[in-house]
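Shown below: input18.txt, with compact mmCIF, C-alpha atoms.
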```
# COMPACT_ATOMS: atom_id res chain seq x y z
CA MET A 1016 39.24 -16.45 16.19
CA LEU A 1017 36.41 -17.91 18.30
CA ALA A 1018 36.93 -15.28 20.98
CA ALA A 1019 36.82 -12.50 18.40
CA ALA A 1020 33.75 -14.02 16.77
CA ARG A 1021 32.06 -14.30 20.15
CA THR A 1022 32.59 -10.60 20.82
CA VAL A 1023 31.45 -9.46 17.38
CA PHE A 1024 28.35 -11.68 17.33
CA ALA A 1025 27.35 -10.57 20.84
CA GLU A 1026 27.94 -6.86 20.07
CA LYS A 1027 26.40 -6.66 16.62
CA GLY A 1028 24.02 -9.59 16.51
CA PHE A 1029 24.17 -12.39 13.97
CA ASP A 1030 22.88 -10.44 10.96
CA ALA A 1031 25.16 -7.40 11.25
CA ALA A 1032 28.28 -9.39 12.13
CA SER A 1033 30.51 -10.12 9.13
CA ILE A 1034 33.32 -12.61 8.61
CA ARG A 1035 35.43 -9.61 7.59
CA ALA A 1036 34.79 -7.78 10.90
CA ILE A 1037 35.51 -10.96 12.86
CA ALA A 1038 38.74 -11.55 10.94
CA THR A 1039 39.81 -7.94 11.58
CA ALA A 1040 39.06 -8.30 15.31
CA ALA A 1041 41.08 -11.53 15.38
CA GLY A 1042 43.94 -10.00 13.35
CA VAL A 1043 43.74 -12.66 10.65
CA ASP A 1044 42.78 -12.84 7.00
CA PRO A 1045 39.07 -13.48 6.26
CA ALA A 1046 40.13 -16.41 4.08
CA LEU A 1047 41.51 -18.12 7.17
CA VAL A 1048 38.16 -17.81 8.95
CA HIS A 1049 36.42 -19.28 5.90
CA HIS A 1050 39.00 -22.05 5.76
CA TYR A 1051 38.43 -23.09 9.38
CA PHE A 1052 34.70 -22.57 9.75
CA GLY A 1053 33.20 -22.60 6.27
CA ASN A 1054 30.62 -19.84 6.57
CA LYS A 1055 29.11 -17.41 9.04
CA ASP A 1056 26.37 -19.88 10.05
CA LYS A 1057 28.86 -22.59 10.96
CA LEU A 1058 31.14 -20.11 12.75
CA PHE A 1059 28.20 -18.92 14.84
CA LEU A 1060 27.23 -22.49 15.78
CA ALA A 1061 30.84 -23.09 16.86
CA VAL A 1062 30.86 -19.88 18.92
CA VAL A 1063 27.72 -20.76 20.88
CA ASP A 1064 28.74 -24.43 21.01
CA ALA A 1065 25.27 -25.15 19.65
CA PRO A 1066 23.62 -28.38 20.83
CA ALA A 1067 22.23 -28.95 17.33
CA ASP A 1068 22.32 -27.41 13.87
CA PRO A 1069 19.01 -25.65 13.22
CA ALA A 1070 19.64 -26.01 9.49
CA GLU A 1071 19.18 -29.76 9.92
CA LEU A 1072 16.13 -29.64 12.18
CA LEU A 1073 14.18 -26.66 10.87
CA PRO A 1074 13.14 -27.97 7.44
CA LYS A 1075 10.89 -30.60 9.04
CA VAL A 1076 9.33 -27.98 11.33
CA LEU A 1077 8.79 -25.54 8.47
CA ALA A 1078 7.16 -28.27 6.40
CA SER A 1079 4.43 -28.73 9.04
CA PRO A 1080 0.92 -27.53 8.30
CA ARG A 1081 0.37 -24.03 9.69
CA ASP A 1082 -2.03 -25.26 12.38
CA GLN A 1083 0.52 -27.81 13.65
CA LEU A 1084 3.50 -25.49 13.82
CA GLY A 1085 3.26 -25.09 17.60
CA ALA A 1086 3.43 -28.84 18.14
CA ALA A 1087 6.29 -29.13 15.64
CA VAL A 1088 8.37 -26.48 17.46
CA VAL A 1089 7.87 -28.20 20.84
CA GLY A 1090 8.76 -31.50 19.19
CA MET A 1091 12.01 -30.06 17.84
CA VAL A 1092 13.00 -28.63 21.24
CA LEU A 1093 12.33 -31.97 22.97
CA HIS A 1094 14.19 -33.84 20.23
CA VAL A 1095 17.34 -31.85 21.03
CA TRP A 1096 16.95 -31.84 24.81
CA ASP A 1097 15.97 -35.52 25.15
CA GLY A 1098 18.83 -36.50 22.84
CA PRO A 1099 22.63 -36.37 22.91
CA GLY A 1100 22.59 -32.55 22.61
CA ARG A 1101 21.35 -32.09 26.17
CA PRO A 1102 24.72 -31.47 27.90
CA ALA A 1103 25.65 -28.79 25.35
CA ALA A 1104 22.19 -27.24 25.59
CA LEU A 1105 22.37 -27.20 29.37
CA ALA A 1106 25.82 -25.63 29.28
CA LEU A 1107 24.57 -22.93 26.92
CA VAL A 1108 21.61 -22.08 29.18
CA ARG A 1109 23.77 -22.12 32.32
CA SER A 1110 26.32 -19.86 30.74
CA ALA A 1111 23.65 -17.47 29.39
CA VAL A 1112 22.13 -17.04 32.83
CA SER A 1113 25.41 -16.18 34.50
CA ASN A 1114 27.07 -14.23 31.69
CA GLU A 1115 25.61 -11.31 29.75
CA TRP A 1116 27.66 -11.98 26.63
CA THR A 1117 26.43 -15.53 26.40
CA ALA A 1118 22.90 -14.29 27.09
CA LYS A 1119 23.21 -12.10 23.98
CA LEU A 1120 24.53 -15.04 21.98
CA LEU A 1121 21.77 -17.38 23.16
CA ARG A 1122 19.21 -14.71 22.29
CA GLU A 1123 20.71 -14.41 18.81
CA PHE A 1124 20.78 -18.19 18.43
CA LEU A 1125 17.14 -18.57 19.45
CA VAL A 1126 15.83 -15.59 17.54
CA ALA A 1127 18.01 -15.26 14.44
CA LYS A 1128 18.67 -18.93 13.79
CA ILE A 1129 15.39 -20.53 14.86
CA LEU A 1130 12.35 -18.44 15.72
CA ARG A 1131 12.69 -15.78 13.06
CA LYS A 1132 12.75 -18.53 10.46
CA VAL A 1133 9.67 -20.17 11.90
CA VAL A 1134 7.61 -16.97 12.09
CA SER A 1135 8.83 -15.69 8.74
CA THR A 1136 6.74 -18.39 7.05
CA LEU A 1137 3.53 -16.98 8.50
CA GLY A 1138 3.20 -13.78 6.51
CA PHE A 1139 3.05 -11.21 9.31
CA ASP A 1140 4.61 -7.74 9.48
CA PRO A 1141 8.07 -7.54 11.07
CA ASP A 1142 6.77 -6.03 14.35
CA VAL A 1143 4.21 -8.79 14.68
CA ARG A 1144 6.82 -11.43 13.90
CA ALA A 1145 9.17 -10.10 16.60
CA ALA A 1146 6.39 -9.97 19.19
CA ARG A 1147 5.18 -13.49 18.40
CA ALA A 1148 8.76 -14.83 18.39
CA SER A 1149 9.47 -13.34 21.83
CA LEU A 1150 6.35 -14.98 23.28
CA VAL A 1151 7.26 -18.32 21.71
CA ALA A 1152 10.75 -17.97 23.17
CA SER A 1153 9.32 -17.34 26.64
CA GLN A 1154 7.39 -20.63 26.63
CA ILE A 1155 10.25 -22.64 25.09
CA ILE A 1156 12.83 -21.38 27.57
CA GLY A 1157 10.45 -21.95 30.44
CA LEU A 1158 9.67 -25.47 29.29
CA VAL A 1159 13.38 -26.24 29.14
CA MET A 1160 14.00 -24.71 32.56
CA ALA A 1161 11.06 -26.47 34.23
CA ARG A 1162 11.63 -29.89 32.63
CA TYR A 1163 15.42 -30.14 32.46
CA VAL A 1164 16.90 -27.64 34.92
CA LEU A 1165 14.48 -27.46 37.86
CA ARG A 1166 13.07 -30.92 37.03
CA LEU A 1167 9.53 -30.03 38.07
CA GLU A 1168 7.18 -33.01 38.16
CA PRO A 1169 5.14 -34.24 36.39
CA LEU A 1170 6.62 -32.19 33.52
CA ALA A 1171 10.12 -33.61 34.04
CA SER A 1172 9.02 -37.25 33.62
CA ALA A 1173 6.29 -36.70 31.02
CA THR A 1174 6.72 -38.31 27.61
CA PRO A 1175 7.53 -36.03 24.67
CA ASP A 1176 4.02 -36.65 23.30
CA GLU A 1177 2.46 -35.52 26.56
CA VAL A 1178 4.55 -32.35 26.59
CA VAL A 1179 3.66 -31.59 22.98
CA ALA A 1180 -0.04 -32.08 23.77
CA ALA A 1181 0.11 -29.76 26.79
CA VAL A 1182 2.40 -26.99 25.53
CA GLY A 1183 1.88 -27.16 21.75
CA PRO A 1184 -1.40 -25.21 21.87
CA THR A 1185 0.33 -22.37 23.74
CA LEU A 1186 2.98 -22.06 21.03
CA GLN A 1187 0.32 -22.34 18.34
CA ARG A 1188 -1.55 -19.44 19.89
CA TYR A 1189 1.63 -17.36 20.13
CA LEU A 1190 2.52 -18.20 16.52
CA THR A 1191 -0.78 -17.84 14.70
CA GLY A 1192 -3.56 -17.27 17.23
CA ASP A 1193 -5.40 -14.31 18.65
CA VAL A 1194 -2.92 -12.68 21.05
CA ALA A 1195 -2.62 -9.17 22.48
CA LEU A 1196 0.91 -8.62 21.18
CA PRO A 1197 3.31 -6.58 23.36
CA GLY A 1198 4.63 -3.36 21.82
CA LEU A 1199 1.84 -3.20 19.23
CA PRO A 1200 -1.32 -1.11 19.20
CA MET B 532 21.89 -22.66 60.92
CA LEU B 533 21.16 -21.33 57.43
CA ALA B 534 23.53 -23.86 55.86
CA ALA B 535 21.85 -26.71 57.75
CA ALA B 536 18.40 -25.41 56.81
CA ARG B 537 19.46 -25.17 53.17
CA THR B 538 20.52 -28.81 53.15
CA VAL B 539 17.42 -30.09 54.92
CA PHE B 540 14.98 -28.08 52.79
CA ALA B 541 16.69 -29.18 49.57
CA GLU B 542 16.83 -32.85 50.63
CA LYS B 543 13.37 -33.23 52.13
CA GLY B 544 11.37 -30.47 50.51
CA PHE B 545 9.59 -27.72 52.40
CA ASP B 546 6.74 -29.80 53.79
CA ALA B 547 8.78 -32.69 55.19
CA ALA B 548 11.53 -30.49 56.63
CA SER B 549 11.08 -29.67 60.31
CA ILE B 550 12.64 -27.03 62.54
CA ARG B 551 13.69 -29.92 64.79
CA ALA B 552 15.55 -31.70 61.97
CA ILE B 553 17.23 -28.44 60.95
CA ALA B 554 18.24 -27.70 64.53
CA THR B 555 19.70 -31.22 64.87
CA ALA B 556 21.64 -30.81 61.61
CA ALA B 557 22.99 -27.47 62.84
CA GLY B 558 23.79 -28.87 66.30
CA VAL B 559 21.67 -26.30 68.10
CA ASP B 560 18.47 -26.25 70.12
CA PRO B 561 15.20 -25.87 68.14
CA ALA B 562 14.33 -22.94 70.40
CA LEU B 563 17.33 -21.07 69.02
CA VAL B 564 16.10 -21.55 65.44
CA HIS B 565 12.67 -20.26 66.47
CA HIS B 566 14.30 -17.34 68.25
CA TYR B 567 16.27 -16.25 65.19
CA PHE B 568 13.82 -17.01 62.40
CA GLY B 569 10.34 -17.14 63.95
CA ASN B 570 8.83 -20.05 62.04
CA LYS B 571 9.56 -22.51 59.24
CA ASP B 572 8.08 -20.20 56.58
CA LYS B 573 10.37 -17.32 57.55
CA LEU B 574 13.39 -19.60 57.83
CA PHE B 575 12.74 -20.92 54.33
CA LEU B 576 12.44 -17.39 52.90
CA ALA B 577 15.77 -16.54 54.55
CA VAL B 578 17.40 -19.68 53.14
CA VAL B 579 16.38 -18.96 49.55
CA ASP B 580 16.98 -15.21 50.06
CA ALA B 581 13.47 -14.76 48.68
CA PRO B 582 12.86 -11.62 46.61
CA ALA B 583 9.43 -11.22 48.21
CA ASP B 584 7.24 -12.84 50.83
CA PRO B 585 4.49 -14.83 49.10
CA ALA B 586 2.39 -14.52 52.25
CA GLU B 587 2.11 -10.80 51.52
CA LEU B 588 1.44 -11.06 47.79
CA LEU B 589 -0.70 -14.18 47.48
CA PRO B 590 -3.88 -13.03 49.26
CA LYS B 591 -4.57 -10.48 46.50
CA VAL B 592 -4.01 -13.15 43.82
CA LEU B 593 -6.19 -15.68 45.59
CA ALA B 594 -8.97 -13.12 45.93
CA SER B 595 -9.20 -12.76 42.13
CA PRO B 596 -12.19 -14.20 40.31
CA ARG B 597 -11.43 -17.70 39.03
CA ASP B 598 -11.42 -16.57 35.39
CA GLN B 599 -8.85 -13.83 36.11
CA LEU B 600 -6.41 -15.95 38.10
CA GLY B 601 -3.98 -16.27 35.16
CA ALA B 602 -3.72 -12.50 34.79
CA ALA B 603 -3.37 -12.09 38.56
CA VAL B 604 -0.45 -14.55 38.71
CA VAL B 605 1.39 -12.79 35.86
CA GLY B 606 0.71 -9.46 37.58
CA MET B 607 2.25 -10.73 40.83
CA VAL B 608 5.36 -12.02 39.04
CA LEU B 609 5.86 -8.68 37.25
CA HIS B 610 5.22 -6.77 40.48
CA VAL B 611 8.19 -8.55 42.08
CA TRP B 612 10.51 -8.47 39.04
CA ASP B 613 9.78 -4.87 38.05
CA GLY B 614 10.22 -3.78 41.67
CA PRO B 615 13.04 -3.67 44.23
CA GLY B 616 13.05 -7.48 44.50
CA ARG B 617 14.61 -7.93 41.07
CA PRO B 618 18.28 -8.30 42.12
CA ALA B 619 17.39 -10.95 44.69
CA ALA B 620 15.13 -12.73 42.19
CA LEU B 621 17.83 -12.66 39.54
CA ALA B 622 20.39 -14.00 42.00
CA LEU B 623 18.05 -16.84 42.93
CA VAL B 624 17.48 -17.82 39.28
CA ARG B 625 21.19 -17.58 38.45
CA SER B 626 22.12 -19.72 41.40
CA ALA B 627 19.40 -22.29 40.63
CA VAL B 628 20.66 -22.74 37.09
CA SER B 629 24.25 -23.36 38.13
CA ASN B 630 23.66 -25.26 41.35
CA GLU B 631 21.45 -28.32 41.84
CA TRP B 632 20.81 -27.59 45.49
CA THR B 633 19.51 -24.13 44.76
CA ALA B 634 17.48 -25.57 41.87
CA LYS B 635 15.73 -27.82 44.41
CA LEU B 636 15.16 -24.85 46.70
CA LEU B 637 13.79 -22.65 43.91
CA ARG B 638 11.49 -25.50 42.87
CA GLU B 639 10.24 -25.78 46.44
CA PHE B 640 9.79 -22.02 46.68
CA LEU B 641 7.81 -21.85 43.44
CA VAL B 642 5.74 -24.94 44.02
CA ALA B 643 5.24 -25.23 47.78
CA LYS B 644 5.05 -21.53 48.62
CA ILE B 645 3.30 -20.12 45.55
CA LEU B 646 1.80 -22.39 42.92
CA ARG B 647 0.38 -25.08 45.16
CA LYS B 648 -1.52 -22.39 47.04
CA VAL B 649 -2.87 -20.92 43.83
CA VAL B 650 -4.05 -24.22 42.36
CA SER B 651 -5.37 -25.51 45.69
CA THR B 652 -8.21 -23.00 45.41
CA LEU B 653 -9.47 -24.57 42.20
CA GLY B 654 -10.88 -27.84 43.52
CA PHE B 655 -8.91 -30.35 41.43
CA ASP B 656 -7.44 -33.71 42.44
CA PRO B 657 -3.81 -33.64 43.66
CA ASP B 658 -2.43 -35.14 40.40
CA VAL B 659 -4.25 -32.55 38.34
CA ARG B 660 -3.05 -29.77 40.63
CA ALA B 661 0.58 -30.87 40.30
CA ALA B 662 0.33 -31.11 36.49
CA ARG B 663 -1.30 -27.69 36.17
CA ALA B 664 1.21 -26.15 38.59
CA SER B 665 4.16 -27.49 36.59
CA LEU B 666 2.78 -26.01 33.37
CA VAL B 667 2.15 -22.67 35.05
CA ALA B 668 5.72 -22.75 36.37
CA SER B 669 7.08 -23.39 32.87
CA GLN B 670 5.48 -20.22 31.48
CA ILE B 671 6.37 -18.08 34.51
CA ILE B 672 10.02 -19.11 34.51
CA GLY B 673 10.21 -18.62 30.75
CA LEU B 674 8.64 -15.18 30.97
CA VAL B 675 11.18 -14.19 33.60
CA MET B 676 14.06 -15.61 31.54
CA ALA B 677 12.96 -13.97 28.28
CA ARG B 678 12.08 -10.57 29.76
CA TYR B 679 14.71 -10.10 32.46
CA VAL B 680 17.62 -12.44 31.74
CA LEU B 681 17.86 -12.69 27.93
CA ARG B 682 16.04 -9.34 27.50
CA LEU B 683 14.24 -10.42 24.36
CA GLU B 684 12.40 -7.60 22.61
CA PRO B 685 9.62 -6.54 22.49
CA LEU B 686 8.88 -8.57 25.63
CA ALA B 687 11.70 -6.93 27.61
CA SER B 688 10.38 -3.38 27.07
CA ALA B 689 6.66 -4.16 27.12
CA THR B 690 4.55 -2.59 29.86
CA PRO B 691 3.27 -4.89 32.63
CA ASP B 692 -0.26 -4.53 31.23
CA GLU B 693 0.90 -5.68 27.81
CA VAL B 694 2.64 -8.71 29.28
CA VAL B 695 -0.43 -9.60 31.34
CA ALA B 696 -2.62 -9.33 28.23
CA ALA B 697 -0.31 -11.57 26.18
CA VAL B 698 0.68 -14.22 28.73
CA GLY B 699 -2.29 -14.16 31.14
CA PRO B 700 -4.48 -16.33 28.85
CA THR B 701 -1.75 -19.01 28.74
CA LEU B 702 -1.66 -19.23 32.53
CA GLN B 703 -5.44 -19.16 32.68
CA ARG B 704 -5.58 -22.16 30.34
CA TYR B 705 -2.95 -24.02 32.39
CA LEU B 706 -4.83 -23.22 35.63
CA THR B 707 -8.45 -23.82 34.71
CA GLY B 708 -8.73 -24.52 30.99
CA ASP B 709 -8.91 -27.53 28.76
CA VAL B 710 -5.35 -28.95 28.74
CA ALA B 711 -3.95 -32.40 27.97
CA LEU B 712 -2.22 -32.76 31.34
CA PRO B 713 1.15 -34.58 31.44
CA GLY B 714 1.26 -37.73 33.54
CA LEU B 715 -2.53 -38.14 33.53
CA PRO B 716 -4.75 -40.40 31.43
```
This structure in structure tokens:
Amino acid sequence: MLAAARTVFAEKGFDAASIRAIATAAGVDPALVHHYFGNKDKLFLAVVDAPADPAELLPKVLASPRDQLGAAVVGMVLHVWDGPGRPAALALVRSAVSNEWTAKLLREFLVAKILRKVVSTLGFDPDVRAARASLVASQIIGLVMARYVLRLEPLASATPDEVVAAVGPTLQRYLTGDVALPGLP
Amino acid sequence: MLAAARTVFAEKGFDAASIRAIATAAGVDPALVHHYFGNKDKLFLAVVDAPADPAELLPKVLASPRDQLGAAVVGMVLHVWDGPGRPAALALVRSAVSNEWTAKLLREFLVAKILRKVVSTLGFDPDVRAARASLVASQIIGLVMARYVLRLEPLASATPDEVVAAVGPTLQRYLTGDVALPGLP
């Protein structure tokens, strides 16, 4: 079931994938998928072996004042990576870099489960949301790579507060600031 | 010789590694290393299988006006990744993510061969230079990951000019702007 779900999520993306299609691909009844995994969200988290459940972490981020959203997003990322979720997060990144299917799944995880929800609160058009989300993703992934994978100093040893102070304004600009957005006139 | 050089560069870093130490580790005469690779710079590029020679690309970047350095750095990164160097660059990133030795080498390549030279032109103290370089690295690596590895849209299909316009100001701020630098009071 997980293998079938992995294929369907990677091929169709999170939104277009259905429990029914996954059950068909696995040759089982949809009720069985529901029985084992609950819902599509939980199945997806199991498929990517997610280091944390965005449904638990996002409400706090989304409750931040609009002008502190950048800092809140960095804070959430550091909370996961500086906590017990780090090995799973590292495994997900490693796998995504070496495997195109996992890259698609990580992209879906980042965009559909996290960033789209953050930018959807800001009241922009869909094109603007996608452009801002992709820029936010670029700085988040790079922060994770520099701090936890390449262990570049002083970023690797900096306190979470220091990282939030340095990188938060970049995310804030990408989220709500004046940016020349790619793919838009 | 390459295997010995790889070990010495990863253990000691580019600056502290010497042709003599590499030759000793390989059990050959230093003259032989010079004969095959020319100098330490060229040997290092061979060890990391560098996608491009920074010595060829950096002079143009360093000649940019101080307030356009961020855009020039993004332009250089895109020039390599949108050109024939992409497979080698991708291989280097993939290997760095899965292998700690290559991670050390990629860190050395980025910092010692590229970023340190860029920030050294700006007249800051060493601690400030290191902090700014690590922030610049975080956005560059993330841009590369989002655009070329995860292929996040619209960043993946954006023109180089669009990417420079969106991300250049971030690098400019990290290089010369007002930033709360990690690891510094």
Using all atoms listed in the file and a distance of at most 6 Å, pull out the residues of chain A that contact chain B, as a PDB file with C-alpha atoms, in the frame of the given file.
```pdb
ATOM      1  CA  ARG A1109      23.770 -22.120  32.320  1.00  0.00           C
ATOM      2  CA  VAL A1112      22.130 -17.040  32.830  1.00  0.00           C
ATOM      3  CA  SER A1113      25.410 -16.180  34.500  1.00  0.00           C
ATOM      4  CA  ALA A1118      22.900 -14.290  27.090  1.00  0.00           C
ATOM      5  CA  ALA A1146       6.390  -9.970  19.190  1.00  0.00           C
ATOM      6  CA  SER A1153       9.320 -17.340  26.640  1.00  0.00           C
ATOM      7  CA  GLN A1154       7.390 -20.630  26.630  1.00  0.00           C
ATOM      8  CA  ILE A1156      12.830 -21.380  27.570  1.00  0.00           C
ATOM      9  CA  GLY A1157      10.450 -21.950  30.440  1.00  0.00           C
ATOM     10  CA  LEU A1158       9.670 -25.470  29.290  1.00  0.00           C
ATOM     11  CA  ALA A1161      11.060 -26.470  34.230  1.00  0.00           C
ATOM     12  CA  LEU A1165      14.480 -27.460  37.860  1.00  0.00           C
ATOM     13  CA  PRO A1169       5.140 -34.240  36.390  1.00  0.00           C
ATOM     14  CA  ALA A1173       6.290 -36.700  31.020  1.00  0.00           C
ATOM     15  CA  GLU A1177       2.460 -35.520  26.560  1.00  0.00           C
ATOM     16  CA  ALA A1180      -0.040 -32.080  23.770  1.00  0.00           C
ATOM     17  CA  ALA A1181       0.110 -29.760  26.790  1.00  0.00           C
ATOM     18  CA  VAL A1194      -2.920 -12.680  21.050  1.00  0.00           C
ATOM     19  CA  ALA A1195      -2.620  -9.170  22.480  1.00  0.00           C
ATOM     20  CA  LEU A1196       0.910  -8.620  21.180  1.00  0.00           C
ATOM     21  CA  PRO A1197       3.310  -6.580  23.360  1.00  0.00           C
ATOM     22  CA  GLY A1198       4.630  -3.360  21.820  1.00  0.00           C
TER      23      GLY A1198
END
```
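Distance check against Phe640 (chain B) using all atoms listed in the file: of B:Lys573, B:Arg597, B:Arg660, B:His610, the minimum falls on B:Lys573.
With CA of Pro1080 (chain A) on one side and CA of Gly708 (chain B) on the other, the separation reads 24.8 Å.
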Step by step, gather every atom of region 1064-1079 of chain A that the file lists, find the box along x, y and z that holds them, add 6 Å on each side, and finally give centre and edge lengths in Å to one decimal, as JSON.
```
{"center_x": 16.6, "center_y": -27.5, "center_z": 13.7, "size_x": 36.3, "size_y": 18.2, "size_z": 26.6}
```
- [ ] Please measure the separation of CA of Gln703 (chain B) and CA of Ala602 (chain B), giving the value in Å to one decimal.
- [x] 7.2 Å
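In this structure, CA of Gly1100 (chain A) sits 21.7 Å away from CA of Arg1131 (chain A).
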